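Data block for my_file19.cif (mmCIF, C-alpha atoms):
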data_start
loop_
_atom_site.label_atom_id
_atom_site.label_comp_id
_atom_site.auth_asym_id
_atom_site.auth_seq_id
_atom_site.Cartn_x
_atom_site.Cartn_y
_atom_site.Cartn_z
CA TRP A 222 -32.06 -85.96 -44.49
CA VAL A 223 -29.94 -87.06 -41.50
CA ASP A 224 -27.85 -83.88 -41.77
CA SER A 225 -31.04 -81.80 -41.75
CA LEU A 226 -31.93 -83.11 -38.27
CA ASP A 227 -28.95 -81.27 -36.80
CA TYR A 228 -28.85 -77.49 -36.69
CA GLN A 229 -27.10 -74.47 -35.29
CA TYR A 230 -28.79 -71.31 -34.06
CA PRO A 231 -28.95 -68.95 -37.06
CA ILE A 232 -29.42 -65.21 -36.64
CA LEU A 233 -32.25 -64.09 -38.90
CA SER A 234 -32.21 -61.07 -41.19
CA THR A 235 -35.09 -59.65 -39.14
CA ARG A 236 -32.77 -58.99 -36.21
CA HIS A 237 -32.30 -55.29 -35.46
CA ARG A 238 -28.69 -54.88 -36.44
CA HIS A 239 -29.41 -56.44 -39.81
CA VAL A 240 -32.34 -54.06 -40.38
CA ARG A 241 -30.92 -50.86 -38.95
CA PRO A 242 -27.23 -50.15 -38.17
CA ARG A 243 -28.27 -47.56 -35.56
CA SER A 244 -29.78 -50.24 -33.34
CA THR A 245 -28.14 -50.50 -29.92
CA CYS A 246 -29.81 -53.77 -28.87
CA GLU A 247 -27.39 -56.23 -27.24
CA LYS A 248 -29.82 -58.41 -25.27
CA CYS A 249 -28.65 -61.62 -26.93
CA VAL A 250 -25.04 -60.82 -26.02
CA THR A 251 -25.74 -60.05 -22.36
CA SER A 252 -28.01 -63.10 -21.96
CA CYS A 253 -25.38 -65.63 -23.09
CA ALA A 254 -23.55 -67.04 -20.07
CA GLU A 255 -20.99 -68.75 -22.31
CA GLY A 256 -20.02 -65.57 -24.15
CA ALA A 257 -20.80 -67.26 -27.45
CA ILE A 258 -22.38 -64.20 -29.08
CA THR A 259 -20.37 -61.22 -30.25
CA ILE A 260 -21.14 -58.18 -32.37
CA GLU A 261 -18.77 -57.45 -35.22
CA ASP A 262 -19.24 -54.70 -37.80
CA GLY A 263 -22.66 -54.03 -36.33
CA LYS A 264 -23.89 -57.62 -36.75
CA ALA A 265 -24.22 -60.38 -34.18
CA GLU A 266 -22.40 -63.67 -34.66
CA ILE A 267 -22.68 -66.95 -32.75
CA ASN A 268 -19.58 -68.99 -31.95
CA THR A 269 -20.94 -72.52 -32.45
CA LYS A 270 -18.06 -74.05 -30.48
CA LYS A 271 -19.07 -72.13 -27.35
CA CYS A 272 -22.85 -72.32 -27.88
CA THR A 273 -24.62 -74.90 -25.67
CA GLU A 274 -28.04 -74.30 -27.30
CA CYS A 275 -29.54 -73.34 -23.94
CA GLY A 276 -32.01 -71.02 -25.65
CA ALA A 277 -31.31 -67.98 -23.47
CA CYS A 278 -30.56 -65.78 -26.48
CA MET A 279 -33.77 -66.91 -28.20
CA SER A 280 -35.78 -65.89 -25.16
CA ALA A 281 -33.91 -62.60 -24.73
CA CYS A 282 -34.32 -61.40 -28.33
CA PRO A 283 -37.31 -59.01 -28.36
CA VAL A 284 -38.03 -59.57 -32.06
CA GLN A 285 -37.49 -63.36 -32.19
CA GLY A 286 -34.49 -62.75 -34.42
CA ILE A 287 -32.59 -65.90 -33.41
CA ALA A 288 -34.06 -69.10 -34.82
CA GLY A 289 -33.90 -72.47 -33.15
CA ILE A 290 -35.70 -75.02 -31.05
CA TYR A 291 -36.21 -73.87 -27.48
CA PRO A 292 -35.12 -76.54 -24.95
CA LYS A 293 -37.91 -78.88 -23.94
CA ARG A 294 -39.24 -78.99 -20.41
CA THR A 295 -40.74 -81.95 -18.60
CA ILE A 296 -44.38 -81.11 -17.99
CA GLU A 297 -46.80 -83.61 -16.51
CA GLU A 298 -50.40 -82.69 -15.78
CA ASN A 299 -49.64 -78.97 -15.68
CA GLN A 300 -46.64 -79.50 -13.39
CA LEU A 301 -43.18 -78.36 -14.48
CA VAL A 302 -40.54 -80.86 -13.34
CA VAL A 303 -37.04 -79.54 -12.62
CA THR A 304 -34.62 -81.35 -14.92
CA GLY A 305 -31.25 -80.55 -16.47
CA LYS A 306 -28.98 -77.63 -15.72
CA ASN A 307 -30.69 -74.87 -17.71
CA THR A 308 -33.16 -72.83 -15.69
CA PRO A 309 -36.11 -71.32 -17.59
CA THR A 310 -36.20 -67.58 -18.23
CA VAL A 311 -38.89 -65.37 -16.74
CA LYS A 312 -40.44 -65.00 -20.20
CA GLU A 313 -40.68 -68.76 -20.61
CA LEU A 314 -42.23 -69.15 -17.16
CA LEU A 315 -44.87 -66.53 -17.94
CA ILE A 316 -45.76 -68.32 -21.17
CA LEU A 317 -45.97 -71.69 -19.40
CA HIS A 318 -48.17 -70.14 -16.70
CA LYS A 319 -50.55 -68.89 -19.36
CA LYS A 320 -50.73 -72.44 -20.71
CA GLY A 321 -51.82 -73.72 -17.31
CA VAL A 322 -48.55 -74.64 -15.59
CA THR A 323 -48.62 -73.31 -12.01
CA THR A 324 -46.61 -75.84 -9.99
CA ILE A 325 -42.84 -76.42 -10.01
CA VAL A 326 -41.80 -79.91 -8.93
CA ALA A 327 -38.34 -79.87 -7.33
CA LYS A 328 -37.43 -82.97 -5.36
CA THR A 329 -34.41 -81.51 -3.58
CA GLU A 330 -33.62 -78.22 -1.87
CA GLU A 331 -30.71 -77.77 -4.27
CA GLU A 332 -33.10 -77.85 -7.25
CA GLN A 333 -35.44 -75.38 -5.58
CA GLU A 334 -32.56 -73.04 -4.80
CA ARG A 335 -31.35 -73.18 -8.41
CA TRP A 336 -34.77 -72.13 -9.75
CA LYS A 337 -35.73 -69.87 -6.85
CA GLU A 338 -34.56 -66.54 -8.30
CA GLN A 339 -36.31 -67.00 -11.65
CA ILE A 340 -39.53 -68.16 -9.99
CA GLU A 341 -39.54 -65.15 -7.65
CA GLN A 342 -39.06 -62.74 -10.55
CA ALA A 343 -41.83 -64.45 -12.50
CA ASN A 344 -44.17 -64.23 -9.49
CA ILE A 345 -43.57 -60.47 -9.24
CA VAL A 346 -44.72 -60.09 -12.85
CA LEU A 347 -47.67 -62.47 -12.31
CA GLU A 348 -48.86 -60.32 -9.42
CA LYS A 349 -48.98 -57.31 -11.74
CA LEU A 350 -50.89 -59.43 -14.25
CA ASN A 351 -53.42 -60.38 -11.54
CA ARG A 352 -52.58 -64.07 -11.77
CA ASN A 353 -51.78 -66.66 -9.10
CA PRO A 354 -48.08 -67.23 -8.37
CA PHE A 355 -46.00 -70.35 -9.02
CA THR A 356 -45.68 -72.76 -6.11
CA PHE A 357 -43.00 -75.35 -5.35
CA SER A 358 -43.79 -79.00 -4.69
CA THR A 359 -41.53 -81.95 -3.83
CA ASN A 360 -43.86 -84.60 -5.22
CA LEU A 361 -45.33 -85.05 -8.67
CA ILE A 362 -49.08 -85.46 -8.31
CA LYS A 363 -50.57 -87.86 -10.81
CA LYS A 364 -54.28 -88.27 -11.22
CA GLU A 365 -55.65 -91.66 -12.11
CA LYS A 366 -58.19 -91.55 -14.86
CA SER A 367 -59.87 -93.99 -17.17
CA ILE A 368 -60.11 -93.43 -20.90
CA THR A 369 -62.46 -94.78 -23.51
CA ARG A 370 -61.40 -96.89 -26.46
CA ARG A 371 -61.82 -93.91 -28.78
CA GLU A 372 -59.67 -91.73 -26.51
CA LEU A 373 -57.03 -94.47 -26.47
CA PHE A 374 -56.78 -94.55 -30.27
CA SER A 375 -56.70 -90.75 -30.29
CA LEU A 376 -53.83 -90.82 -27.77
CA TRP A 377 -51.84 -93.26 -29.91
CA LYS A 378 -52.46 -91.09 -32.94
CA SER A 379 -51.21 -87.93 -31.19
CA GLU A 380 -48.15 -89.74 -29.80
CA GLY A 381 -47.37 -91.07 -33.27
CA LYS A 382 -47.55 -87.57 -34.69
CA ALA A 383 -45.21 -86.34 -31.93
CA VAL A 384 -42.64 -89.01 -32.83
CA LEU A 385 -42.84 -88.11 -36.51
CA ARG A 386 -42.52 -84.43 -35.66
CA GLU A 387 -39.26 -85.12 -33.84
CA ALA A 388 -37.92 -86.84 -36.95
CA THR A 389 -38.66 -83.94 -39.29
CA PRO A 390 -35.91 -81.53 -40.38
CA ALA A 391 -34.91 -79.17 -37.58
CA LYS A 392 -35.89 -76.03 -39.48
CA TRP A 393 -39.48 -77.26 -39.62
CA ARG A 394 -39.50 -77.35 -35.82
CA PHE A 395 -38.03 -73.93 -35.12
CA ASN A 396 -40.25 -72.35 -32.47
CA GLN A 397 -38.75 -68.94 -31.72
CA LYS A 398 -42.03 -67.25 -32.67
CA ASP A 399 -43.68 -68.92 -29.69
CA LEU A 400 -41.57 -66.68 -27.42
CA ASP A 401 -43.53 -63.53 -28.32
CA LEU A 402 -44.82 -62.79 -24.81
CA PRO A 403 -47.43 -60.03 -25.50
CA LYS A 404 -49.60 -62.33 -27.61
CA TYR A 405 -50.26 -64.49 -24.54
CA TYR A 406 -51.51 -61.55 -22.47
CA PRO A 407 -53.60 -59.42 -24.87
CA SER A 408 -55.17 -57.37 -22.07
CA TYR A 409 -51.82 -56.09 -20.81
CA GLN A 410 -48.88 -54.15 -22.17
CA PHE A 411 -45.31 -54.74 -21.05
CA ALA A 412 -43.94 -51.36 -22.06
CA THR A 413 -45.00 -47.72 -22.09
CA VAL A 414 -44.41 -45.76 -25.28
CA ILE A 415 -44.31 -41.97 -25.02
CA ILE A 416 -43.98 -39.53 -27.90
CA GLU A 417 -43.01 -35.89 -27.48
CA ARG A 418 -45.46 -34.19 -29.82
CA GLU A 419 -43.41 -31.00 -30.00
CA LYS A 420 -40.46 -32.91 -31.49
CA CYS A 421 -42.27 -35.38 -33.77
CA SER A 422 -41.99 -34.44 -37.46
CA LEU A 423 -44.16 -37.34 -38.73
CA CYS A 424 -41.27 -38.77 -40.75
CA GLU A 425 -42.88 -42.24 -40.41
CA ALA A 426 -39.58 -43.94 -39.59
CA CYS A 427 -41.17 -45.65 -36.56
CA THR A 428 -44.12 -46.98 -38.57
CA LYS A 429 -41.87 -48.48 -41.22
CA LEU A 430 -39.25 -50.02 -38.94
CA CYS A 431 -41.21 -51.22 -35.87
CA PRO A 432 -41.20 -55.04 -36.12
CA LYS A 433 -44.33 -55.28 -33.96
CA THR A 434 -46.33 -52.57 -35.84
CA CYS A 435 -46.94 -50.52 -32.71
CA PHE A 436 -47.25 -47.29 -34.72
CA ALA A 437 -49.75 -46.29 -37.39
CA ILE A 438 -50.08 -42.91 -39.10
CA GLY A 439 -53.28 -42.14 -41.00
CA VAL A 440 -54.58 -39.05 -42.71
CA ARG A 441 -55.62 -37.34 -39.47
CA GLU A 442 -54.44 -39.71 -36.74
CA PHE A 443 -51.26 -41.01 -35.18
CA VAL A 444 -52.03 -44.23 -33.25
CA ILE A 445 -49.67 -45.96 -30.80
CA ASN A 446 -50.56 -49.46 -29.61
CA PRO A 447 -48.00 -50.42 -26.92
CA GLN A 448 -49.61 -53.83 -26.29
CA ARG A 449 -47.48 -55.33 -29.04
CA CYS A 450 -44.30 -53.64 -27.82
CA THR A 451 -41.50 -55.94 -26.62
CA ASP A 452 -39.13 -53.15 -25.54
CA CYS A 453 -36.74 -53.60 -28.47
CA LYS A 454 -36.24 -49.82 -28.65
CA LEU A 455 -35.60 -49.80 -32.39
CA CYS A 456 -37.96 -46.83 -32.67
CA VAL A 457 -35.94 -44.96 -30.02
CA ASP A 458 -32.66 -45.68 -31.81
CA THR A 459 -33.92 -44.64 -35.25
CA CYS A 460 -36.14 -41.64 -34.49
CA PRO A 461 -34.25 -38.67 -36.02
CA GLU A 462 -35.96 -36.21 -33.68
CA LYS A 463 -35.40 -38.32 -30.52
CA ALA A 464 -39.10 -37.92 -29.82
CA ILE A 465 -39.84 -41.47 -28.61
CA THR A 466 -39.29 -42.96 -25.16
CA VAL A 467 -39.91 -46.61 -24.30
CA THR A 468 -39.83 -47.87 -20.71
CA LYS A 469 -40.58 -51.28 -19.24
CA ASN A 470 -43.88 -51.16 -17.41
CA ILE A 471 -46.72 -53.64 -16.94
CA SER A 472 -50.21 -52.18 -17.08
CA GLU A 473 -53.54 -52.63 -18.76
CA VAL A 474 -53.61 -51.86 -22.46
CA GLU A 475 -53.91 -48.17 -23.32
CA VAL A 476 -53.99 -47.33 -27.01
CA LYS A 477 -53.11 -43.68 -27.60
CA THR A 478 -54.54 -41.73 -30.51
CA TYR A 479 -53.15 -38.32 -31.42
CA SER A 480 -54.72 -36.00 -33.95
CA ILE A 481 -52.63 -34.66 -36.82
CA PHE A 482 -53.21 -30.94 -37.18
CA GLU A 483 -52.15 -29.02 -40.25
CA SER A 484 -50.90 -25.51 -39.60
CA GLU A 485 -49.04 -22.75 -41.42
CA CYS A 486 -45.62 -21.48 -40.48
CA LYS A 487 -45.84 -17.80 -39.52
CA THR A 488 -42.31 -17.14 -40.77
CA CYS A 489 -42.19 -18.78 -44.22
CA GLY A 490 -45.87 -19.48 -44.88
CA ASN A 491 -45.31 -23.15 -45.68
CA LYS A 492 -47.82 -25.71 -44.42
CA MET A 493 -46.68 -28.29 -41.90
CA CYS A 494 -48.22 -31.13 -39.91
CA THR A 495 -48.01 -31.31 -36.14
CA VAL A 496 -49.08 -34.05 -33.74
CA TYR A 497 -51.55 -32.98 -31.05
CA ASP A 498 -53.83 -34.73 -28.66
CA ALA A 499 -57.43 -33.58 -28.35
CA ARG A 500 -56.81 -31.55 -25.20
CA THR A 501 -54.03 -29.55 -26.88
CA ILE A 502 -56.25 -28.79 -29.89
CA PHE A 503 -59.03 -27.50 -27.67
CA LYS A 504 -56.58 -25.28 -25.80
CA THR A 505 -55.27 -23.96 -29.13
CA ILE A 506 -58.79 -23.15 -30.32
CA GLU A 507 -59.65 -21.43 -27.02
CA SER A 508 -56.45 -19.36 -27.25
CA ARG A 509 -57.21 -18.28 -30.80
CA ASP A 510 -60.79 -17.32 -29.87
CA HIS A 511 -59.47 -15.30 -26.95
CA ASP A 512 -56.92 -13.51 -29.19
CA ALA A 513 -59.67 -12.79 -31.75
CA GLN A 514 -61.85 -11.25 -29.08
#

Taking this structure as input, can you express it in the form of structure tokens?
Amino acid sequence: WVDSLDYQYPILSTRHRHVRPRSTCEKCVTSCAEGAITIEDGKAEINTKKCTECGACMSACPVQGIAGIYPKRTIEENQLVVTGKNTPTVKELLILHKKGVTTIVAKTEEEQERWKEQIEQANIVLEKLNRNPFTFSTNLIKKEKSITRRELFSLWKSEGKAVLREATPAKWRFNQKDLDLPKYYPSYQFATVIIEREKCSLCEACTKLCPKTCFAIGVREFVINPQRCTDCKLCVDTCPEKAITVTKNISEVEVKTYSIFESECKTCGNKMCTVYDARTIFKTIESRDHDAQ
């Protein structure tokens, strides 16, 4: 039981390079300041001697493919207190902001300077999300409040549960799934997914491999929901026709629906399916009517 309390960051089988050798994702490697992550034979490996368990790779992985416990932050009354050496990532800041944290408490100019770059980047994203920016404060503001006897017992109960939770095996407390940013902002998408209809052969590789289920092919429709997209680009790497483009872009959610149109090859006579949007179909019908006339 004591051994189970300790852990090392394991790389899950859901990570891209374990699912698809063609994946070119190296975000965990580039995010590690200690150089503890390397890719050998197409698979990522963590050097536990170099790893400081800062959580940067967990935050960087777009498919939450590295398990672990993300470093705790000191939060008091919706105020994030600057502690330790590890600065939070922009993704973490955006998630904390959604949970109500809007003030960063840094007692010294050195602490503010250390967090300044990340806070500025987070504020740029928050502006696009139509949310108020983070602000710095040098003092922790505490509000005095009275609690009833029932609330007191409830507080003791919750604190007791928190203590027990800390004593449970580490694997029970892995929280990498909490770093899935799009689920906190359901009205926005963080990437734009474009498909070149002329190239798409409806092979369904994207629908089967996308870890966020952004693609769905029905009998007569091809639906792309970029709200779930985390810019992992596995669809781009695996598409045999190179028909998919994914770019980082923050905007309101726009689900795209393309019609699947069955046509006949004029050369061989075989039937084939092609992806069209409604406007293209109407133009095709108008052209055929004009030719018939």

Query raised in the report: What residues have an atom no more than 10 Å from (-40.4, -54.2, -21.9) in the file's own frame, counting all atoms listed in the file, and can you write them as JSON, numbers by chain?
Result: {"A": [283, 403, 410, 411, 412, 413, 414, 447, 450, 451, 452, 453, 454, 467, 468, 469, 470, 471]}

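Of the residues listed (A:Leu350, A:Cys282, A:Ser244, A:Val326), A:Val326 shows the shortest atom-to-atom separation from Leu301 of chain A; distances use all atoms listed in the file.
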
Requested in this report: Could you check how far atom CA of Val311 of chain A sits from atom CA of Ile465 of chain A, in Å to one decimal?
Outcome: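 Going from atom CA of Val311 of chain A over to atom CA of Ile465 of chain A, I get 26.7 Å.
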
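The interatomic distance for the pair atom CA of Lys477 of chain A and atom CA of Arg418 of chain A works out to 12.4 Å.
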
Report summary line: In terms of all atoms listed in the file, the residue from A:Asp458, A:Glu473, A:Glu341, A:Glu313 at minimal distance from Leu400 of chain A is A:Glu313

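Applied to this file, the PyMOL selection byres ((chain A and resi 268) around 9) selects Gly256, Ala257, Ile258, Thr259, Glu266, Ile267, Thr269, Lys270, Lys271 and Cys272 of chain A.
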
Query raised in the report: Looking at A:Glu255, A:Asp401, A:Glu338, A:Glu425, which one is nearest to Ala281 of chain A, with distances taken over all atoms listed in the file?
Result: A:Asp401

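The residue set within 12 Å of Lys306 of chain A, counting all atoms listed in the file and dropping same-chain residues fewer than 4 places from it, reads Thr273, Cys275, Pro292, Arg294, Glu331, Glu332, Arg335 and Trp336 of chain A.
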
Query raised in the report: So which one's closest to Pro309 of chain A, A:Ala277, A:Ala327, A:Cys431, A:Leu361? Using all atoms listed in the file, please.
Result: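 Between A:Ala277, A:Ala327, A:Cys431, A:Leu361, the residue approaching Pro309 of chain A most closely is A:Ala277.
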
Requested in this report: Name the closest residue to His318 of chain A among the candidates A:Thr428, A:Arg352, A:Asp399, A:Thr359; distances are taken between atoms, counting only C-alpha atoms.
Outcome: A:Arg352

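The nearest approach to Val476 of chain A among the residues A:Gln448, A:Asn360, A:Thr459, A:Asn351, with only C-alpha atoms taken into account, belongs to A:Gln448.
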
Report task. Around the point (-50.0, -47.3, -36.6), in the coordinates given by the file, pick out the residues reaching within 12 Å, counting only C-alpha atoms, and return them as a list in words. Result ->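 Within 12 Å of (-50.0, -47.3, -36.6), the protein and nucleic acid residues are Leu423, Glu425, Ala426, Cys427, Thr428, Lys429, Leu430, Cys431, Pro432, Lys433, Thr434, Cys435, Phe436, Ala437, Ile438, Gly439, Val440, Arg441, Glu442, Phe443, Val444, Ile445, Asn446, Pro447, Arg449, Val476, Lys477, Thr478 and Tyr479 of chain A.
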
Query raised in the report: Interatomic distance between atom CA of Ile287 of chain A and atom CA of Leu233 of chain A?
Result: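 Distance reported for this atom pair: 5.8 Å.
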
Query raised in the report: Quick one: residues within 7 Å of Thr356 of chain A, all atoms listed in the file counted, chain neighbours fewer than 2 positions away excluded, as a ChimeraX atom specification?
Result: /A:323-325,354,358

Can you tell me which residues surround Glu297 of chain A at a distance of at most 9 Å, considering all atoms listed in the file, apart from same-chain residues fewer than 2 positions away, and format the answer as a PDB file with C-alpha atoms, in the frame of the given file?
ATOM      1  CA  THR A 295     -40.740 -81.950 -18.600  1.00  0.00           C
ATOM      2  CA  ASN A 299     -49.640 -78.970 -15.680  1.00  0.00           C
ATOM      3  CA  GLN A 300     -46.640 -79.500 -13.390  1.00  0.00           C
ATOM      4  CA  LEU A 301     -43.180 -78.360 -14.480  1.00  0.00           C
ATOM      5  CA  VAL A 302     -40.540 -80.860 -13.340  1.00  0.00           C
ATOM      6  CA  LEU A 361     -45.330 -85.050  -8.670  1.00  0.00           C
ATOM      7  CA  ILE A 362     -49.080 -85.460  -8.310  1.00  0.00           C
ATOM      8  CA  LYS A 363     -50.570 -87.860 -10.810  1.00  0.00           C
TER       9      LYS A 363
END

Please complete segment 324-336 of chain A so it has N, CA and C atoms, and hand it over as a CSV table (one decimal), in the coordinates of the input.
chain,number,residue,atom,x,y,z
A,324,THR,N,-47.4,-75.2,-11.0
A,324,THR,CA,-46.6,-75.8,-10.0
A,324,THR,C,-45.2,-76.3,-10.5
A,325,ILE,N,-44.2,-76.0,-9.7
A,325,ILE,CA,-42.8,-76.4,-10.0
A,325,ILE,C,-42.5,-77.6,-9.1
A,326,VAL,N,-42.2,-78.7,-9.7
A,326,VAL,CA,-41.8,-79.9,-8.9
A,326,VAL,C,-40.3,-80.0,-8.8
A,327,ALA,N,-39.8,-79.8,-7.6
A,327,ALA,CA,-38.3,-79.9,-7.3
A,327,ALA,C,-38.2,-80.8,-6.1
A,328,LYS,N,-37.5,-81.9,-6.4
A,328,LYS,CA,-37.4,-83.0,-5.4
A,328,LYS,C,-36.4,-82.7,-4.3
A,329,THR,N,-35.4,-81.8,-4.6
A,329,THR,CA,-34.4,-81.5,-3.6
A,329,THR,C,-34.4,-80.0,-3.3
A,330,GLU,N,-33.8,-79.6,-2.2
A,330,GLU,CA,-33.6,-78.2,-1.9
A,330,GLU,C,-32.7,-77.6,-2.8
A,331,GLU,N,-31.7,-78.3,-3.3
A,331,GLU,CA,-30.7,-77.8,-4.3
A,331,GLU,C,-31.4,-77.4,-5.6
A,332,GLU,N,-32.3,-78.2,-6.0
A,332,GLU,CA,-33.1,-77.8,-7.2
A,332,GLU,C,-34.0,-76.6,-7.0
A,333,GLN,N,-34.6,-76.5,-5.9
A,333,GLN,CA,-35.4,-75.4,-5.6
A,333,GLN,C,-34.6,-74.1,-5.5
A,334,GLU,N,-33.4,-74.2,-4.9
A,334,GLU,CA,-32.6,-73.0,-4.8
A,334,GLU,C,-32.1,-72.6,-6.2
A,335,ARG,N,-31.8,-73.5,-7.1
A,335,ARG,CA,-31.4,-73.2,-8.4
A,335,ARG,C,-32.4,-72.4,-9.2
A,336,TRP,N,-33.7,-72.7,-9.0
A,336,TRP,CA,-34.8,-72.1,-9.8
A,336,TRP,C,-35.4,-71.0,-9.0
